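Visitor: mmCIF, C-alpha atoms, file structure11.cif:
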```
data_coords
loop_
_atom_site.label_atom_id
_atom_site.label_comp_id
_atom_site.auth_asym_id
_atom_site.auth_seq_id
_atom_site.Cartn_x
_atom_site.Cartn_y
_atom_site.Cartn_z
CA MET O 1 1.39 5.00 -8.11
CA TYR O 2 4.30 3.21 -6.42
CA SER O 3 6.65 6.17 -6.97
CA ALA O 4 4.11 8.67 -5.62
CA PHE O 5 3.51 6.64 -2.45
CA LEU O 6 7.26 6.19 -1.99
CA LEU O 7 7.83 9.94 -2.32
CA ILE O 8 5.05 10.73 0.18
CA HIS O 9 6.37 8.08 2.58
CA SER O 10 9.86 9.54 2.33
CA LEU O 11 8.74 13.14 2.90
CA LEU O 12 6.30 12.28 5.68
CA ARG O 13 9.14 10.74 7.71
CA TRP O 14 10.40 14.27 8.40
CA ILE O 15 7.00 15.32 9.76
CA VAL O 16 6.96 12.22 11.98
CA ILE O 17 10.47 12.94 13.26
CA LEU O 18 9.76 16.63 13.89
CA ALA O 19 6.43 15.90 15.59
CA GLY O 20 8.08 13.25 17.76
CA LEU O 21 10.97 15.49 18.72
CA PHE O 22 8.57 18.32 19.55
CA ALA O 23 6.39 16.03 21.72
CA MET O 24 9.48 14.65 23.44
CA ALA O 25 10.93 18.15 24.00
CA ARG O 26 7.63 19.30 25.53
CA ALA O 27 7.68 16.28 27.84
CA ILE O 28 11.29 16.76 28.91
CA GLY O 29 10.68 20.48 29.42
CA GLY O 30 7.62 19.64 31.50
CA VAL O 31 9.58 17.25 33.70
CA ALA O 32 12.58 19.57 34.07
CA GLY O 33 10.49 22.68 34.67
CA ARG O 34 7.82 20.95 36.76
CA LYS O 35 5.21 22.48 34.49
CA PRO O 36 1.50 21.68 34.41
CA TRP O 37 0.21 19.44 31.63
CA SER O 38 -1.14 21.80 28.99
CA PRO O 39 -3.34 21.43 25.91
CA VAL O 40 -0.19 21.95 23.80
CA ASP O 41 1.40 18.96 25.53
CA ALA O 42 -1.65 16.82 24.77
CA SER O 43 -1.80 18.08 21.18
CA SER O 44 1.88 17.41 20.55
CA GLY O 45 1.43 13.74 21.45
CA ARG O 46 -1.77 13.53 19.42
CA TRP O 47 -0.11 15.04 16.31
CA PHE O 48 2.87 12.72 16.72
CA SER O 49 0.47 9.78 16.84
CA ILE O 50 -1.53 11.01 13.83
CA ALA O 51 1.59 11.57 11.72
CA LEU O 52 2.90 8.15 12.68
CA ASP O 53 -0.43 6.47 11.89
CA LEU O 54 -0.62 8.16 8.49
CA GLN O 55 2.96 7.12 7.78
CA PHE O 56 2.06 3.57 8.79
CA LEU O 57 -0.91 3.46 6.41
CA ILE O 58 1.21 4.64 3.49
CA GLY O 59 3.96 2.19 4.46
CA LEU O 60 1.41 -0.60 4.71
CA ALA O 61 0.17 0.13 1.19
CA LEU O 62 3.75 0.03 -0.05
CA TYR O 63 4.51 -3.15 1.89
CA LEU O 64 1.39 -5.16 1.09
CA VAL O 65 0.42 -3.95 -2.37
CA LEU O 66 2.78 -1.66 -4.23
CA SER O 67 6.41 -2.65 -3.62
CA PRO O 68 7.85 -5.12 -6.11
CA PHE O 69 10.88 -5.48 -3.84
CA ILE O 70 8.81 -6.68 -0.89
CA ARG O 71 6.86 -9.03 -3.15
CA ASP O 72 10.17 -10.56 -4.30
CA ALA O 73 11.45 -10.67 -0.73
CA TRP O 74 8.46 -12.69 0.47
CA ALA O 75 8.76 -15.05 -2.50
CA ASP O 76 12.10 -16.35 -1.15
CA MET O 77 12.54 -15.49 2.52
CA ALA O 78 15.65 -17.65 2.90
CA ALA O 79 17.43 -15.55 0.29
CA THR O 80 15.95 -12.36 1.73
CA MET O 81 17.38 -13.11 5.16
CA ARG O 82 20.87 -13.40 3.63
CA ASN O 83 20.49 -10.05 1.83
CA ALA O 84 20.96 -7.22 4.37
CA PRO O 85 19.20 -4.43 2.42
CA LEU O 86 16.23 -6.62 1.48
CA ARG O 87 16.01 -8.07 5.01
CA PHE O 88 16.03 -4.54 6.40
CA PHE O 89 12.91 -3.55 4.45
CA ALA O 90 11.09 -6.89 4.58
CA VAL O 91 11.60 -7.44 8.32
CA GLU O 92 13.60 -4.91 10.35
CA HIS O 93 12.09 -1.63 9.10
CA ALA O 94 8.52 -2.92 9.40
CA PHE O 95 9.10 -4.48 12.83
CA GLY O 96 10.82 -1.38 14.23
CA MET O 97 8.09 0.93 13.03
CA ILE O 98 5.33 -1.28 14.47
CA VAL O 99 7.17 -1.24 17.82
CA ALA O 100 7.40 2.57 17.65
CA ILE O 101 3.69 2.91 16.86
CA ALA O 102 2.83 0.63 19.77
CA LEU O 103 5.03 2.70 22.11
CA VAL O 104 3.35 5.95 21.09
CA HIS O 105 -0.17 4.55 21.43
CA VAL O 106 0.51 2.80 24.75
CA GLY O 107 2.23 5.95 25.99
CA ARG O 108 -0.73 8.15 25.03
CA ALA O 109 -3.13 5.75 26.76
CA LYS O 110 -1.06 5.78 29.96
CA ILE O 111 -0.73 9.57 29.81
CA GLY O 112 -4.50 9.86 29.45
CA ARG O 113 -5.06 7.76 32.58
CA ALA O 114 -2.48 9.60 34.68
CA SER O 115 -3.81 12.41 36.85
CA ASP O 116 -0.56 14.00 38.03
CA PRO O 117 1.02 16.45 35.53
CA ALA O 118 4.54 15.35 36.51
CA ARG O 119 3.60 11.73 35.81
CA LYS O 120 2.09 12.69 32.44
CA HIS O 121 5.30 14.48 31.40
CA LYS O 122 7.45 11.61 32.63
CA LEU O 123 5.39 9.02 30.73
CA ALA O 124 5.46 11.15 27.59
CA ALA O 125 9.24 11.57 27.84
CA ILE O 126 9.79 7.83 28.29
CA PHE O 127 7.38 6.48 25.68
CA PHE O 128 7.90 9.18 23.05
CA GLY O 129 11.66 9.14 23.65
CA ILE O 130 11.98 5.38 23.17
CA ALA O 131 9.68 5.57 20.13
CA ILE O 132 11.86 8.26 18.53
CA VAL O 133 14.99 6.16 19.11
CA VAL O 134 13.32 3.11 17.52
CA ILE O 135 12.11 5.23 14.59
CA LEU O 136 15.56 6.69 14.00
CA LEU O 137 17.12 3.21 14.14
CA SER O 138 14.51 1.86 11.69
CA ILE O 139 14.93 4.50 8.98
CA PRO O 140 17.07 3.56 5.96
CA TRP O 141 19.63 6.34 6.37
CA PRO O 142 22.23 6.89 3.64
CA GLY O 143 25.23 4.66 4.24
CA THR O 144 23.26 1.88 5.95
CA PRO O 145 22.24 -1.41 4.31
CA GLY O 146 19.39 -0.47 2.02
CA GLY O 147 20.09 3.20 2.73
CA ARG O 148 18.05 5.78 0.87
CA PRO O 149 18.54 9.50 0.22
CA LEU O 150 17.46 12.00 2.85
CA LEU O 151 14.97 13.53 0.41
CA ARG O 152 13.69 10.96 -2.06
CA GLY O 153 12.65 12.36 -5.40
CA PHE O 154 15.14 15.23 -5.29
CA GLY O 155 17.98 14.10 -7.52
CA ASP O 156 17.57 10.45 -6.55
CA SER O 157 17.99 8.00 -9.37
CA SER O 158 18.28 4.83 -7.27
CA ALA O 159 15.58 2.18 -7.16
CA GLY O 160 13.66 2.03 -3.92
CA ILE O 161 11.92 -0.43 -1.74
#
```
Let me see whether you can do it: turn the structure in this file into structure tokens.

Guide:
Amino acid sequence: MYSAFLLIHSLLRWIVILAGLFAMARAIGGVAGRKPWSPVDASSGRWFSIALDLQFLIGLALYLVLSPFIRDAWADMAATMRNAPLRFFAVEHAFGMIVAIALVHVGRAKIGRASDPARKHKLAAIFFGIAIVVILLSIPWPGTPGGRPLLRGFGDSSAGI
């Protein structure tokens, strides 16, 4: 079950990134083109939020229940904090993603309360843009401490967190 959740978590990241980039592009286009707030704009933020929430739930299952690496990390946090790859997954990845989720949800709430279309686009660009940056910084890219393949499960023989 661990491997299946890890594969889904790895593949779903691309949906999260694409949904976030699409929502951010709609917002920037809305600001630059002084466009009205449309149902597509609202849907893009909603789908970004849904994808991120689903990714969070799968990540939470991995973090709290399924990952033997996280279980070992929490058993000796002093050692974990000296181990960059383990620290990344036990602390930095989780913290960054929670920050990104908070940004998207706070952004959507503020967008919902705004009445001016220009303000809605501006809020979406700011909150979704910062969230995407945090997400991209919190992903274990190849070549980083704890780095993972771009497509897990496709020729990957390394152990995972």

Visitor: Determine the residue set returned by the PyMOL selection byres ((chain O and resi 33-47) around 12) for the present structure, and present it as a ChimeraX atom specification.

Guide: /O:15-32,48-54,101,103-112,114-125,127-129,131

Visitor: Translate the PyMOL selection byres ((chain O and resi 140) around 12) into a concrete residue list for this structure, as a PyMOL selection string.

Guide: chain O and resi 10+13+84-89+92-94+96-97+135-139+141-152+160-161

Visitor: Please indicate the distance in Å from atom CA of O:Trp14 to atom CA of O:Met1, rounded to one decimal place.

Guide: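 According to the coordinates, atom CA of O:Trp14 and atom CA of O:Met1 are separated by 21.0 Å.
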
Visitor: Would you pick out the contacts of stretch 58-70 of chain O at 7 Å or less, using all atoms listed in the file, so that residues sharing its chain but fewer than 4 positions from it are not included, and give the list as a ChimeraX atom specification?

Guide: /O:2,5,9,54,74,90,161

Visitor: Quick one, how far is atom CA of O:Gln55 from atom CA of O:Ala75?

Guide: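 Distance reported for this atom pair: 25.1 Å.
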
Visitor: Would you work out the distance separating atom CA of O:Leu57 from atom CA of O:Ser3, expressed in Å to one decimal?

Guide: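 It comes out at 15.6 Å.
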
Visitor: Just stretch 127-143 of chain O from the block, N, CA, C and O atoms, as a PDB file, in the first residue's frame, could you?

Guide:
```
ATOM      1  N   PHE O 127      -1.714  35.336  -4.119  1.00  0.00           N
ATOM      2  CA  PHE O 127      -1.787  34.148  -3.268  1.00  0.00           C
ATOM      3  C   PHE O 127      -1.424  32.872  -4.017  1.00  0.00           C
ATOM      4  O   PHE O 127      -0.678  32.036  -3.499  1.00  0.00           O
ATOM      5  N   PHE O 128      -1.944  32.703  -5.234  1.00  0.00           N
ATOM      6  CA  PHE O 128      -1.623  31.497  -5.993  1.00  0.00           C
ATOM      7  C   PHE O 128      -0.162  31.521  -6.438  1.00  0.00           C
ATOM      8  O   PHE O 128       0.504  30.483  -6.468  1.00  0.00           O
ATOM      9  N   GLY O 129       0.343  32.704  -6.763  1.00  0.00           N
ATOM     10  CA  GLY O 129       1.745  32.818  -7.174  1.00  0.00           C
ATOM     11  C   GLY O 129       2.704  32.447  -6.059  1.00  0.00           C
ATOM     12  O   GLY O 129       3.648  31.679  -6.262  1.00  0.00           O
ATOM     13  N   ILE O 130       2.469  32.981  -4.868  1.00  0.00           N
ATOM     14  CA  ILE O 130       3.330  32.646  -3.731  1.00  0.00           C
ATOM     15  C   ILE O 130       3.193  31.167  -3.393  1.00  0.00           C
ATOM     16  O   ILE O 130       4.192  30.482  -3.113  1.00  0.00           O
ATOM     17  N   ALA O 131       1.971  30.635  -3.450  1.00  0.00           N
ATOM     18  CA  ALA O 131       1.761  29.210  -3.162  1.00  0.00           C
ATOM     19  C   ALA O 131       2.533  28.336  -4.142  1.00  0.00           C
ATOM     20  O   ALA O 131       3.173  27.352  -3.737  1.00  0.00           O
ATOM     21  N   ILE O 132       2.506  28.681  -5.420  1.00  0.00           N
ATOM     22  CA  ILE O 132       3.248  27.892  -6.420  1.00  0.00           C
ATOM     23  C   ILE O 132       4.747  27.934  -6.133  1.00  0.00           C
ATOM     24  O   ILE O 132       5.433  26.917  -6.223  1.00  0.00           O
ATOM     25  N   VAL O 133       5.263  29.085  -5.784  1.00  0.00           N
ATOM     26  CA  VAL O 133       6.694  29.196  -5.452  1.00  0.00           C
ATOM     27  C   VAL O 133       7.023  28.304  -4.257  1.00  0.00           C
ATOM     28  O   VAL O 133       8.011  27.552  -4.275  1.00  0.00           O
ATOM     29  N   VAL O 134       6.209  28.351  -3.221  1.00  0.00           N
ATOM     30  CA  VAL O 134       6.437  27.518  -2.029  1.00  0.00           C
ATOM     31  C   VAL O 134       6.357  26.036  -2.395  1.00  0.00           C
ATOM     32  O   VAL O 134       7.189  25.234  -1.953  1.00  0.00           O
ATOM     33  N   ILE O 135       5.376  25.674  -3.208  1.00  0.00           N
ATOM     34  CA  ILE O 135       5.243  24.277  -3.643  1.00  0.00           C
ATOM     35  C   ILE O 135       6.493  23.838  -4.396  1.00  0.00           C
ATOM     36  O   ILE O 135       7.056  22.772  -4.125  1.00  0.00           O
ATOM     37  N   LEU O 136       6.919  24.640  -5.348  1.00  0.00           N
ATOM     38  CA  LEU O 136       8.093  24.273  -6.153  1.00  0.00           C
ATOM     39  C   LEU O 136       9.355  24.164  -5.293  1.00  0.00           C
ATOM     40  O   LEU O 136      10.209  23.314  -5.551  1.00  0.00           O
ATOM     41  N   LEU O 137       9.465  25.012  -4.268  1.00  0.00           N
ATOM     42  CA  LEU O 137      10.617  24.928  -3.362  1.00  0.00           C
ATOM     43  C   LEU O 137      10.537  23.726  -2.421  1.00  0.00           C
ATOM     44  O   LEU O 137      11.551  23.288  -1.888  1.00  0.00           O
ATOM     45  N   SER O 138       9.341  23.204  -2.213  1.00  0.00           N
ATOM     46  CA  SER O 138       9.128  22.118  -1.247  1.00  0.00           C
ATOM     47  C   SER O 138       9.067  20.737  -1.886  1.00  0.00           C
ATOM     48  O   SER O 138       8.847  19.751  -1.194  1.00  0.00           O
ATOM     49  N   ILE O 139       9.243  20.663  -3.180  1.00  0.00           N
ATOM     50  CA  ILE O 139       9.228  19.375  -3.881  1.00  0.00           C
ATOM     51  C   ILE O 139      10.647  18.809  -3.886  1.00  0.00           C
ATOM     52  O   ILE O 139      11.611  19.542  -4.115  1.00  0.00           O
ATOM     53  N   PRO O 140      10.781  17.502  -3.669  1.00  0.00           N
ATOM     54  CA  PRO O 140      12.118  16.886  -3.689  1.00  0.00           C
ATOM     55  C   PRO O 140      12.611  16.652  -5.118  1.00  0.00           C
ATOM     56  O   PRO O 140      12.589  15.537  -5.637  1.00  0.00           O
ATOM     57  N   TRP O 141      13.065  17.703  -5.770  1.00  0.00           N
ATOM     58  CA  TRP O 141      13.522  17.610  -7.154  1.00  0.00           C
ATOM     59  C   TRP O 141      14.803  16.777  -7.238  1.00  0.00           C
ATOM     60  O   TRP O 141      15.592  16.767  -6.291  1.00  0.00           O
ATOM     61  N   PRO O 142      15.029  16.124  -8.357  1.00  0.00           N
ATOM     62  CA  PRO O 142      16.301  15.404  -8.527  1.00  0.00           C
ATOM     63  C   PRO O 142      17.474  16.366  -8.326  1.00  0.00           C
ATOM     64  O   PRO O 142      17.425  17.515  -8.752  1.00  0.00           O
ATOM     65  N   GLY O 143      18.491  15.888  -7.635  1.00  0.00           N
ATOM     66  CA  GLY O 143      19.677  16.709  -7.390  1.00  0.00           C
ATOM     67  C   GLY O 143      19.626  17.504  -6.095  1.00  0.00           C
ATOM     68  O   GLY O 143      20.605  18.135  -5.725  1.00  0.00           O
TER      69      GLY O 143
END
```
